[in-house]
file work_6.csv (CSV, C-alpha atoms)
chain,number,residue,atom,x,y,z
A,88,MET,CA,-12.0,13.0,-8.7
A,89,ASN,CA,-11.9,15.4,-5.9
A,90,THR,CA,-8.9,15.5,-3.6
A,91,VAL,CA,-8.9,14.5,0.0
A,92,GLU,CA,-6.8,15.7,2.9
A,93,LEU,CA,-4.5,13.2,4.6
A,94,GLY,CA,-4.9,13.2,8.3
A,95,THR,CA,-3.8,16.4,9.9
A,96,SER,CA,-1.2,17.0,7.2
A,97,PRO,CA,-1.4,19.7,4.4
A,98,LEU,CA,-1.3,17.0,1.7
A,99,ARG,CA,-4.3,16.7,-0.6
A,100,VAL,CA,-4.4,13.6,-2.8
A,101,THR,CA,-6.7,11.9,-5.3
A,102,PRO,CA,-8.7,9.0,-3.9
A,103,ILE,CA,-6.8,6.7,-6.3
A,104,CYS,CA,-3.0,6.4,-5.9
A,105,LEU,CA,-0.7,4.8,-8.5
A,106,GLY,CA,1.4,2.1,-6.8
A,107,THR,CA,4.7,1.5,-8.6
A,108,MET,CA,6.2,-1.7,-7.1
A,109,THR,CA,6.0,-3.5,-10.5
A,110,PHE,CA,8.4,-0.9,-12.1
A,111,GLY,CA,11.8,-2.5,-12.6
A,112,GLU,CA,10.6,-6.1,-12.5
A,113,GLN,CA,7.4,-6.8,-14.4
A,114,VAL,CA,7.4,-3.3,-16.1
A,115,ASN,CA,10.4,-1.9,-17.9
A,116,GLU,CA,11.4,1.8,-17.7
A,117,ALA,CA,9.8,2.8,-21.0
A,118,ASP,CA,6.5,1.2,-20.2
A,119,ALA,CA,6.6,2.5,-16.7
A,120,HIS,CA,7.0,6.1,-18.0
A,121,ALA,CA,4.0,5.5,-20.3
A,122,ILE,CA,1.9,4.4,-17.3
A,123,LEU,CA,3.0,7.4,-15.4
A,124,ASP,CA,2.2,9.7,-18.3
A,125,ARG,CA,-1.3,8.2,-18.6
A,126,SER,CA,-2.0,8.2,-14.9
A,127,LEU,CA,-1.1,11.9,-14.7
A,128,ALA,CA,-3.2,12.8,-17.8
A,129,ARG,CA,-6.2,11.0,-16.3
A,130,GLY,CA,-5.9,13.1,-13.1
A,131,VAL,CA,-4.1,11.0,-10.6
A,132,ASN,CA,-1.9,13.2,-8.5
A,133,PHE,CA,-0.6,10.6,-6.0
A,134,LEU,CA,2.4,8.2,-6.4
A,135,ASP,CA,3.6,5.5,-4.0
A,136,ALA,CA,7.0,3.8,-4.0
A,137,ALA,CA,9.5,2.3,-1.6
A,138,GLU,CA,13.2,2.0,-1.3
A,139,MET,CA,13.0,-1.8,-1.5
A,140,TYR,CA,11.0,-1.9,-4.7
A,141,SER,CA,10.7,-3.5,-7.2
A,142,VAL,CA,8.9,-6.7,-6.1
A,143,PRO,CA,9.7,-9.5,-5.7
A,144,ALA,CA,12.5,-8.0,-3.7
A,145,LYS,CA,16.0,-8.7,-5.0
A,146,ALA,CA,19.4,-7.1,-4.4
A,147,GLU,CA,19.8,-6.3,-8.0
A,148,THR,CA,16.5,-4.5,-8.3
A,149,CYS,CA,16.5,-2.8,-4.9
A,150,GLY,CA,15.8,0.9,-5.6
A,151,ALA,CA,14.9,0.3,-9.3
A,152,THR,CA,11.4,1.7,-8.9
A,153,GLU,CA,12.5,5.0,-7.4
A,154,THR,CA,15.2,5.3,-10.0
A,155,ILE,CA,12.6,4.9,-12.8
A,156,ILE,CA,10.4,7.5,-11.3
A,157,GLY,CA,13.3,9.9,-10.8
A,158,ASN,CA,14.2,9.5,-14.5
A,159,TRP,CA,10.6,10.3,-15.4
A,160,PHE,CA,10.7,13.5,-13.3
A,161,ALA,CA,14.0,14.5,-15.0
A,162,ARG,CA,12.4,14.0,-18.5
A,163,HIS,CA,9.4,16.1,-17.5
A,164,PRO,CA,10.4,19.3,-15.8
A,165,GLY,CA,7.5,20.7,-13.7
A,166,VAL,CA,5.7,17.4,-13.3
A,167,ARG,CA,7.1,16.8,-9.8
A,168,GLN,CA,5.3,19.9,-8.5
A,169,GLN,CA,2.0,18.5,-9.8
A,170,LEU,CA,2.2,15.3,-7.7
A,171,VAL,CA,2.1,14.1,-4.1
A,172,LEU,CA,5.0,11.7,-3.8
A,173,ALA,CA,5.1,8.9,-1.2
A,174,THR,CA,7.8,6.4,-0.5
A,175,LYS,CA,8.9,4.2,2.4
A,176,VAL,CA,11.9,3.3,4.5
A,177,ALA,CA,12.2,-0.5,5.1
A,178,GLY,CA,12.0,-1.9,8.5
A,179,PRO,CA,14.3,-4.7,9.8
A,180,ALA,CA,15.7,-6.9,7.0
A,181,ARG,CA,13.1,-9.7,6.8
A,182,GLY,CA,15.5,-11.8,4.6
A,183,MET,CA,16.8,-8.8,2.6
A,184,PRO,CA,20.3,-8.3,4.0
A,185,TRP,CA,21.1,-5.9,1.1
A,186,LEU,CA,18.8,-3.3,2.8
A,187,ARG,CA,19.9,-3.3,6.4
A,188,GLY,CA,19.9,-5.5,9.5
A,189,GLU,CA,18.3,-3.5,12.3
A,190,VAL,CA,16.9,0.0,11.9
A,191,SER,CA,18.6,3.1,13.4
A,192,LYS,CA,18.0,6.8,13.5
A,193,ALA,CA,21.0,7.4,11.3
A,194,GLY,CA,19.8,4.6,9.0
A,195,ILE,CA,16.3,6.2,8.5
A,196,ILE,CA,18.0,9.5,7.6
A,197,GLU,CA,20.4,7.8,5.3
A,198,ALA,CA,17.6,5.8,3.6
A,199,CYS,CA,15.7,9.0,3.0
A,200,GLU,CA,18.6,10.7,1.4
A,201,GLY,CA,19.1,7.6,-0.8
A,202,SER,CA,15.5,7.8,-1.9
A,203,LEU,CA,15.8,11.5,-2.6
A,204,ARG,CA,18.8,10.9,-4.9
A,205,ARG,CA,17.1,8.1,-6.8
A,206,LEU,CA,13.8,10.1,-7.1
A,207,GLN,CA,15.8,13.2,-8.2
A,208,THR,CA,13.7,15.4,-6.0
A,209,ASP,CA,14.4,17.7,-3.0
A,210,VAL,CA,11.5,16.5,-0.9
A,211,ILE,CA,9.3,13.5,-0.2
A,212,ASP,CA,5.7,14.5,0.5
A,213,LEU,CA,4.8,11.4,2.6
A,214,TYR,CA,7.6,9.3,4.1
A,215,GLN,CA,6.4,6.0,5.5
A,216,ILE,CA,7.8,3.3,7.8
A,217,HIS,CA,7.3,0.2,5.6
A,218,TRP,CA,6.8,-2.2,8.5
A,219,PRO,CA,7.3,-2.1,12.3
A,220,THR,CA,10.8,-2.4,13.8
A,221,ARG,CA,9.4,-4.3,16.8
A,222,ASN,CA,8.1,-7.9,16.8
A,223,VAL,CA,4.6,-7.8,15.4
A,224,PRO,CA,2.5,-10.4,13.5
A,225,ALA,CA,2.4,-9.1,9.9
A,226,PHE,CA,2.5,-10.2,6.2
A,227,GLY,CA,0.4,-13.3,6.9
A,228,ALA,CA,1.5,-14.1,10.4
A,229,LEU,CA,-1.7,-14.7,12.5
A,230,TYR,CA,-0.4,-14.7,16.0
A,231,PHE,CA,2.0,-12.7,18.1
A,232,ASP,CA,5.0,-14.8,19.1
A,233,PRO,CA,6.9,-13.4,22.2
A,234,ALA,CA,9.8,-15.7,21.4
A,235,LYS,CA,10.6,-13.5,18.5
A,236,ASP,CA,11.0,-10.4,20.6
A,237,ARG,CA,14.3,-8.6,20.2
A,238,ALA,CA,15.9,-5.2,20.8
A,239,ALA,CA,14.5,-2.7,18.3
A,240,LEU,CA,14.6,1.0,17.6
A,241,SER,CA,11.9,2.6,19.7
A,242,ILE,CA,8.9,4.5,18.3
A,243,GLU,CA,10.2,7.6,20.0
A,244,ALA,CA,13.6,7.3,18.2
A,245,GLN,CA,11.9,6.7,14.9
A,246,LEU,CA,9.8,9.8,15.4
A,247,GLU,CA,13.0,11.8,16.3
A,248,ALA,CA,14.6,10.7,13.0
A,249,MET,CA,11.5,11.8,11.1
A,250,ALA,CA,11.6,15.1,13.0
A,251,GLU,CA,15.1,15.7,11.7
A,252,LEU,CA,14.0,15.0,8.1
A,253,VAL,CA,10.9,17.3,8.5
A,254,LYS,CA,13.0,20.1,10.0
A,255,ALA,CA,15.5,19.8,7.2
A,256,GLY,CA,12.8,20.2,4.6
A,257,LYS,CA,13.3,16.7,3.2
A,258,VAL,CA,10.0,15.3,4.2
A,259,ARG,CA,6.6,17.1,4.5
A,260,ALA,CA,4.5,14.5,6.3
A,261,ILE,CA,5.0,11.0,7.7
A,262,GLY,CA,3.1,7.7,7.7
A,263,LEU,CA,3.1,4.1,8.7
A,264,SER,CA,2.5,0.8,6.9
A,265,ASN,CA,1.6,-2.7,7.9
A,266,GLU,CA,0.8,-1.4,11.4
A,267,SER,CA,-1.4,-2.5,14.2
A,268,PRO,CA,-3.9,-0.5,16.4
A,269,TYR,CA,-1.3,-0.4,19.2
A,270,GLY,CA,1.4,0.9,16.8
A,271,VAL,CA,-0.7,3.7,15.4
A,272,HIS,CA,-1.9,4.7,18.8
A,273,GLU,CA,1.7,4.8,20.2
A,274,PHE,CA,3.1,6.8,17.3
A,275,VAL,CA,0.3,9.4,17.7
A,276,ARG,CA,0.6,9.5,21.5
A,277,LEU,CA,4.3,10.0,21.6
A,278,ALA,CA,4.2,12.5,18.8
A,279,GLU,CA,1.7,14.6,20.7
A,280,GLN,CA,3.5,14.1,24.1
A,281,LEU,CA,6.9,15.0,22.8
A,282,GLY,CA,6.1,17.6,20.1
A,283,LEU,CA,7.3,15.3,17.2
A,284,PRO,CA,5.7,14.9,13.8
A,285,ARG,CA,2.3,13.2,13.8
A,286,VAL,CA,1.6,10.4,11.5
A,287,ALA,CA,-1.0,11.2,8.8
A,288,THR,CA,-1.6,7.8,7.3
A,289,VAL,CA,-1.3,4.1,7.7
A,290,GLN,CA,-0.9,2.0,4.5
A,291,ASN,CA,-2.3,-1.4,5.1
A,292,PRO,CA,-3.8,-4.2,3.0
A,293,TYR,CA,-7.5,-3.8,2.5
A,294,CYS,CA,-9.6,-5.8,0.0
A,295,LEU,CA,-12.5,-8.2,-0.1
A,296,ILE,CA,-10.3,-11.2,1.0
A,297,HIS,CA,-8.4,-9.1,3.6
A,298,ARG,CA,-10.6,-6.8,5.7
A,299,THR,CA,-8.7,-7.1,9.0
A,300,TYR,CA,-8.3,-3.3,9.1
A,301,GLU,CA,-12.0,-3.4,10.3
A,302,ASN,CA,-11.0,-5.4,13.3
A,303,GLY,CA,-10.2,-2.4,15.5
A,304,LEU,CA,-7.6,-0.5,13.5
A,305,ASP,CA,-10.4,1.4,11.7
A,306,GLU,CA,-11.8,2.7,15.0
A,307,THR,CA,-8.3,3.6,16.2
A,308,CYS,CA,-7.5,5.5,13.0
A,309,HIS,CA,-10.9,7.3,13.0
A,310,ARG,CA,-10.5,8.5,16.6
A,311,LEU,CA,-6.9,9.7,16.0
A,312,ASN,CA,-7.5,11.2,12.5
A,313,VAL,CA,-5.1,8.9,10.7
A,314,ASP,CA,-6.2,8.0,7.2
A,315,LEU,CA,-6.0,4.6,5.5
A,316,LEU,CA,-4.2,4.1,2.3
A,317,ALA,CA,-5.5,0.8,1.1
A,318,TYR,CA,-3.0,-1.4,-0.7
A,319,SER,CA,-3.7,-4.7,-2.7
A,320,PRO,CA,-7.3,-3.8,-3.4
A,321,LEU,CA,-7.3,-6.6,-6.0
A,322,GLY,CA,-5.8,-9.1,-3.7
A,323,PHE,CA,-2.6,-9.5,-5.7
A,324,GLY,CA,-4.7,-10.2,-8.8
A,325,LEU,CA,-6.9,-12.9,-7.3
A,326,LEU,CA,-9.9,-10.5,-7.4
A,327,THR,CA,-9.5,-9.8,-11.1
A,328,GLY,CA,-10.7,-13.3,-12.0
A,329,LYS,CA,-7.6,-14.2,-14.0
A,330,TYR,CA,-6.8,-17.2,-11.8
A,331,ASP,CA,-10.4,-18.5,-11.5
A,332,GLU,CA,-10.0,-21.1,-14.2
A,333,THR,CA,-6.3,-22.0,-14.1
A,334,GLY,CA,-5.3,-21.5,-10.5
A,335,LEU,CA,-1.9,-19.9,-9.7
A,336,VAL,CA,-0.1,-21.3,-12.7
A,337,GLY,CA,1.1,-20.1,-16.1
A,338,ASN,CA,2.6,-16.7,-16.9
A,339,HIS,CA,-0.3,-14.3,-16.8
A,340,GLY,CA,0.3,-12.6,-13.4
A,341,ARG,CA,2.7,-12.2,-10.5
A,342,MET,CA,1.0,-14.9,-8.4
A,343,ALA,CA,1.6,-17.4,-11.3
A,344,LEU,CA,5.1,-16.1,-12.2
A,345,TYR,CA,6.8,-16.0,-8.8
A,346,ASP,CA,7.0,-19.0,-6.4
A,347,SER,CA,8.0,-16.7,-3.5
A,348,MET,CA,4.6,-15.0,-3.8
A,349,LYS,CA,2.6,-18.2,-4.0
A,350,ALA,CA,4.1,-19.1,-0.6
A,351,GLN,CA,2.7,-15.9,1.0
A,352,ARG,CA,-0.8,-15.1,2.3
A,353,TRP,CA,-2.2,-14.3,-1.2
A,354,GLY,CA,-1.2,-17.8,-2.3
A,355,ARG,CA,-3.3,-19.7,0.2
A,356,PRO,CA,-5.9,-22.0,-1.4
A,357,GLU,CA,-8.5,-20.5,0.9
A,358,ALA,CA,-7.7,-17.0,-0.5
A,359,LEU,CA,-8.3,-18.2,-4.1
A,360,ALA,CA,-11.5,-20.0,-3.1
A,361,ALA,CA,-12.8,-16.8,-1.5
A,362,ALA,CA,-11.8,-14.7,-4.4
A,363,ARG,CA,-13.7,-17.0,-6.7
A,364,ARG,CA,-16.8,-16.4,-4.7
A,365,TYR,CA,-16.5,-12.7,-4.9
A,366,ASN,CA,-15.7,-12.9,-8.6
A,367,ALA,CA,-18.8,-14.9,-9.2
A,368,LEU,CA,-20.9,-12.4,-7.3
A,369,ALA,CA,-19.5,-9.6,-9.5
A,370,ARG,CA,-20.5,-11.4,-12.7
A,371,GLU,CA,-24.0,-12.1,-11.3
A,372,HIS,CA,-24.4,-8.3,-11.0
A,373,GLY,CA,-23.1,-7.5,-14.4
A,374,LEU,CA,-19.7,-6.3,-13.2
A,375,THR,CA,-16.2,-7.6,-13.8
A,376,PRO,CA,-14.4,-9.0,-10.7
A,377,ALA,CA,-12.0,-6.0,-10.8
A,378,GLN,CA,-14.9,-3.5,-10.9
A,379,LEU,CA,-16.4,-5.1,-7.8
A,380,ALA,CA,-13.2,-5.2,-5.8
A,381,LEU,CA,-12.1,-1.7,-6.7
A,382,ALA,CA,-15.5,-0.1,-6.2
A,383,PHE,CA,-15.6,-1.7,-2.7
A,384,CYS,CA,-12.5,0.3,-1.8
A,385,TYR,CA,-13.0,3.4,-3.9
A,386,ARG,CA,-16.4,4.2,-2.4
A,387,ASN,CA,-15.6,3.0,1.1
A,388,PRO,CA,-15.6,5.8,3.7
A,389,LYS,CA,-12.9,4.0,5.6
A,390,VAL,CA,-10.4,4.5,2.7
A,391,ALA,CA,-8.8,7.9,2.0
A,392,SER,CA,-7.0,6.6,-1.1
A,393,THR,CA,-6.7,3.2,-2.8
A,394,ILE,CA,-3.4,2.2,-4.2
A,395,ILE,CA,-3.6,0.4,-7.6
A,396,GLY,CA,-0.7,-1.5,-9.2
A,397,VAL,CA,-0.7,-2.2,-12.9
A,398,THR,CA,1.6,-3.7,-15.5
A,399,SER,CA,0.1,-2.1,-18.7
A,400,LEU,CA,-1.8,0.9,-19.9
A,401,ALA,CA,-4.9,-1.3,-20.4
A,402,GLN,CA,-4.8,-2.4,-16.8
A,403,LEU,CA,-4.4,1.2,-15.7
A,404,ASP,CA,-7.4,2.4,-17.7
A,405,GLN,CA,-9.6,-0.5,-16.4
A,406,CYS,CA,-8.7,0.5,-12.8
A,407,LEU,CA,-9.4,4.2,-13.3
A,408,ASP,CA,-12.6,3.5,-15.2
A,409,ALA,CA,-13.9,1.5,-12.2
A,410,TRP,CA,-14.1,4.8,-10.4
A,411,ASP,CA,-17.6,5.3,-11.9
A,412,VAL,CA,-18.9,2.0,-10.5
A,413,GLN,CA,-21.4,2.3,-7.6
A,414,LEU,CA,-22.3,-0.8,-5.5
A,415,SER,CA,-25.9,-1.0,-4.3
A,416,PRO,CA,-26.8,-1.6,-0.7
A,417,GLU,CA,-28.1,-5.1,-1.6
A,418,LEU,CA,-24.8,-6.0,-3.2
A,419,LEU,CA,-22.8,-4.7,-0.2
A,420,LYS,CA,-25.0,-7.0,2.0
A,421,GLN,CA,-24.1,-9.9,-0.2
A,422,ILE,CA,-20.4,-9.0,0.1
A,423,ASP,CA,-20.7,-8.9,3.9
A,424,ALA,CA,-22.5,-12.3,3.9
A,425,ILE,CA,-19.6,-13.9,2.1
A,426,ARG,CA,-17.2,-12.3,4.5
A,427,TRP,CA,-19.2,-13.5,7.5
A,428,GLU,CA,-18.9,-17.1,6.1
A,429,LEU,CA,-15.2,-17.0,4.9
A,430,ARG,CA,-13.7,-14.2,7.0
A,431,ASP,CA,-10.3,-13.0,5.9
A,432,PRO,CA,-8.3,-15.9,4.3
A,433,ALA,CA,-5.5,-13.6,3.0
A,434,GLN,CA,-4.8,-11.9,6.3

call {"tool": "encode", "arguments": {"input": "work_6.csv", "output": "structure tokens"}}
result
Amino acid sequence: MNTVELGTSPLRVTPICLGTMTFGEQVNEADAHAILDRSLARGVNFLDAAEMYSVPAKAETCGATETIIGNWFARHPGVRQQLVLATKVAGPARGMPWLRGEVSKAGIIEACEGSLRRLQTDVIDLYQIHWPTRNVPAFGALYFDPAKDRAALSIEAQLEAMAELVKAGKVRAIGLSNESPYGVHEFVRLAEQLGLPRVATVQNPYCLIHRTYENGLDETCHRLNVDLLAYSPLGFGLLTGKYDETGLVGNHGRMALYDSMKAQRWGRPEALAAARRYNALAREHGLTPAQLALAFCYRNPKVASTIIGVTSLAQLDQCLDAWDVQLSPELLKQIDAIRWELRDPAQ
């Protein structure tokens, strides 16, 4: 894999990124370290974490993922310098009072310092705002509700906090996550107007059953030179085919294991129904469902890097092996035909 440059930043990353939110919940530390070893050996130079991980979010596992990665760095001197390390500062609490209530400039700086300690590193290459501080429909909410408006830390103040971290050498580049076209535009506009750090990336969901990035955010990012980091390319496992026969029951995946996840966007009956259509299409073309879903992201010019999440070495190898899969124009037309019919049921 060749590396790609992220936005206007100096960061160059592989087009596959190892997401780590399973570390500390579904994956213990020893297995996580084995996955990190294999990922690095196979050429992936990009890791993504967050202060709130692992997932599902719980007070007792908050920060566990970063701690596991930090311990891996400590065990392998020199490895940190081979990798581009991304992590995120959480937005307003969203039912997680152990993180914070509202976000402040001091809170962003304090959160970064906490991540640096857990990760056992001096610098975070890409520091991202996990979700907006302002009222915005996200994580499955379909409509903006002005009744939920509240006082929130301004975009300018968030950029000022990031500027302090960049100036101190603790952060190299900044990014957003779960953002809208308006949010991306305002972060870039204010950064350029005020001489503050410019966002390089936006990390948003993008997969066969959730393509809302293409509803205007793609154009905004293209014009502003902000790159997409695509998360959930397998639709939280729905696009692997493992739920096709059983539905979201049993103990063979996070959507079956955790009731809190079944209640979210990925757990909608319409999302599983759509996934089954894409999975059947993959099999008709001699592909596994995961190969189709991953290749759709891997080879998509809209995507700078695709974030994969795994719970085993076997899953990691399957995800990385899918890099060699090419989708024909005919197959891409069939994918679009299903999307035209079913739209984005996991949005």

call {"tool": "residues_around", "arguments": {"input": "work_6.csv", "residues": "stretch 229-234 of chain A", "least_positions_apart": "2", "cutoff": "12 Å", "atoms": "all atoms listed in the file", "output": "list in words"}}
result
Arg221, Asn222, Val223, Pro224, Ala225, Phe226, Gly227, Asp236, Arg237, Ser267, Thr299, Arg352, Asp431, Pro432, Ala433 and Gln434 of chain A

call {"tool": "closest_residue", "arguments": {"input": "work_6.csv", "among": "A:His217, A:Arg285, A:Lys389, A:Arg310", "to": "A:Arg259", "atoms": "all atoms listed in the file"}}
result
A:Arg285

call {"tool": "residues_around", "arguments": {"input": "work_6.csv", "residues": "A:Val397", "least_positions_apart": "2", "cutoff": "12 Å", "atoms": "all atoms listed in the file", "output": "PyMOL selection string"}}
result
chain A and resi 104-110+112-114+118-119+121-123+125-126+319-321+323-324+327+340-341+394-395+399-407

call {"tool": "residues_near_point", "arguments": {"input": "work_6.csv", "point": "(14.7, 18.3, 2.0)", "cutoff": "10 Å", "atoms": "all atoms listed in the file", "output": "PyMOL selection string"}}
result
chain A and resi 199-200+203+208-212+252-259

call {"tool": "atom_distance", "arguments": {"input": "work_6.csv", "atom1": "atom CA of A:Lys175", "atom2": "atom CA of A:Ala136"}}
result
6.7 Å

call {"tool": "build_atoms", "arguments": {"input": "work_6.csv", "residues": "stretch 232-241 of chain A", "atoms": "all heavy atoms", "output": "PDB file, keeping the file's coordinate frame"}}
result
ATOM      1  N   ASP A 232       4.137 -13.809  18.552  1.00  0.00           N
ATOM      2  CA  ASP A 232       5.000 -14.800  19.100  1.00  0.00           C
ATOM      3  C   ASP A 232       6.076 -14.097  19.986  1.00  0.00           C
ATOM      4  O   ASP A 232       7.025 -13.519  19.458  1.00  0.00           O
ATOM      5  CB  ASP A 232       5.717 -15.613  18.019  1.00  0.00           C
ATOM      6  CG  ASP A 232       6.639 -16.691  18.563  1.00  0.00           C
ATOM      7  OD1 ASP A 232       6.760 -16.808  19.792  1.00  0.00           O
ATOM      8  OD2 ASP A 232       7.251 -17.416  17.743  1.00  0.00           O
ATOM      9  N   PRO A 233       5.907 -14.107  21.313  1.00  0.00           N
ATOM     10  CA  PRO A 233       6.900 -13.400  22.200  1.00  0.00           C
ATOM     11  C   PRO A 233       8.278 -13.938  22.064  1.00  0.00           C
ATOM     12  O   PRO A 233       9.235 -13.229  22.395  1.00  0.00           O
ATOM     13  CB  PRO A 233       6.289 -13.573  23.572  1.00  0.00           C
ATOM     14  CG  PRO A 233       5.384 -14.751  23.488  1.00  0.00           C
ATOM     15  CD  PRO A 233       4.846 -14.755  22.092  1.00  0.00           C
ATOM     16  N   ALA A 234       8.438 -15.168  21.586  1.00  0.00           N
ATOM     17  CA  ALA A 234       9.800 -15.700  21.400  1.00  0.00           C
ATOM     18  C   ALA A 234      10.592 -14.992  20.385  1.00  0.00           C
ATOM     19  O   ALA A 234      11.825 -15.098  20.356  1.00  0.00           O
ATOM     20  CB  ALA A 234       9.687 -17.215  21.085  1.00  0.00           C
ATOM     21  N   LYS A 235       9.918 -14.234  19.526  1.00  0.00           N
ATOM     22  CA  LYS A 235      10.600 -13.500  18.500  1.00  0.00           C
ATOM     23  C   LYS A 235      10.954 -12.056  18.901  1.00  0.00           C
ATOM     24  O   LYS A 235      11.488 -11.288  18.097  1.00  0.00           O
ATOM     25  CB  LYS A 235       9.753 -13.448  17.210  1.00  0.00           C
ATOM     26  CG  LYS A 235       9.557 -14.817  16.571  1.00  0.00           C
ATOM     27  CD  LYS A 235       8.718 -14.724  15.308  1.00  0.00           C
ATOM     28  CE  LYS A 235       8.545 -16.100  14.673  1.00  0.00           C
ATOM     29  NZ  LYS A 235       7.686 -16.059  13.457  1.00  0.00           N
ATOM     30  N   ASP A 236      10.647 -11.716  20.147  1.00  0.00           N
ATOM     31  CA  ASP A 236      11.000 -10.400  20.600  1.00  0.00           C
ATOM     32  C   ASP A 236      12.513 -10.165  20.570  1.00  0.00           C
ATOM     33  O   ASP A 236      13.294 -11.094  20.815  1.00  0.00           O
ATOM     34  CB  ASP A 236      10.526 -10.186  22.065  1.00  0.00           C
ATOM     35  CG  ASP A 236       9.068  -9.765  22.146  1.00  0.00           C
ATOM     36  OD1 ASP A 236       8.488  -9.469  21.089  1.00  0.00           O
ATOM     37  OD2 ASP A 236       8.520  -9.743  23.261  1.00  0.00           O
ATOM     38  N   ARG A 237      12.913  -8.934  20.243  1.00  0.00           N
ATOM     39  CA  ARG A 237      14.300  -8.600  20.200  1.00  0.00           C
ATOM     40  C   ARG A 237      14.459  -7.100  20.408  1.00  0.00           C
ATOM     41  O   ARG A 237      13.466  -6.369  20.351  1.00  0.00           O
ATOM     42  CB  ARG A 237      14.899  -8.940  18.778  1.00  0.00           C
ATOM     43  CG  ARG A 237      14.221  -8.143  17.675  1.00  0.00           C
ATOM     44  CD  ARG A 237      14.608  -8.594  16.281  1.00  0.00           C
ATOM     45  NE  ARG A 237      14.001  -7.733  15.293  1.00  0.00           N
ATOM     46  CZ  ARG A 237      12.727  -7.805  14.896  1.00  0.00           C
ATOM     47  NH1 ARG A 237      11.937  -8.725  15.417  1.00  0.00           N
ATOM     48  NH2 ARG A 237      12.254  -6.977  13.987  1.00  0.00           N
ATOM     49  N   ALA A 238      15.674  -6.680  20.649  1.00  0.00           N
ATOM     50  CA  ALA A 238      15.900  -5.200  20.800  1.00  0.00           C
ATOM     51  C   ALA A 238      15.603  -4.566  19.441  1.00  0.00           C
ATOM     52  O   ALA A 238      15.961  -5.076  18.375  1.00  0.00           O
ATOM     53  CB  ALA A 238      17.356  -4.980  21.177  1.00  0.00           C
ATOM     54  N   ALA A 239      14.923  -3.435  19.490  1.00  0.00           N
ATOM     55  CA  ALA A 239      14.500  -2.700  18.300  1.00  0.00           C
ATOM     56  C   ALA A 239      14.505  -1.243  18.525  1.00  0.00           C
ATOM     57  O   ALA A 239      14.324  -0.797  19.667  1.00  0.00           O
ATOM     58  CB  ALA A 239      13.186  -3.220  17.764  1.00  0.00           C
ATOM     59  N   LEU A 240      14.677  -0.463  17.465  1.00  0.00           N
ATOM     60  CA  LEU A 240      14.600   1.000  17.600  1.00  0.00           C
ATOM     61  C   LEU A 240      13.228   1.392  18.083  1.00  0.00           C
ATOM     62  O   LEU A 240      12.204   0.967  17.542  1.00  0.00           O
ATOM     63  CB  LEU A 240      14.899   1.644  16.236  1.00  0.00           C
ATOM     64  CG  LEU A 240      15.032   3.161  16.234  1.00  0.00           C
ATOM     65  CD1 LEU A 240      16.283   3.589  17.000  1.00  0.00           C
ATOM     66  CD2 LEU A 240      15.084   3.697  14.805  1.00  0.00           C
ATOM     67  N   SER A 241      13.191   2.209  19.106  1.00  0.00           N
ATOM     68  CA  SER A 241      11.900   2.600  19.700  1.00  0.00           C
ATOM     69  C   SER A 241      11.107   3.495  18.800  1.00  0.00           C
ATOM     70  O   SER A 241      11.640   4.133  17.877  1.00  0.00           O
ATOM     71  CB  SER A 241      12.186   3.335  21.036  1.00  0.00           C
ATOM     72  OG  SER A 241      12.792   4.596  20.773  1.00  0.00           O
TER      73      SER A 241
END
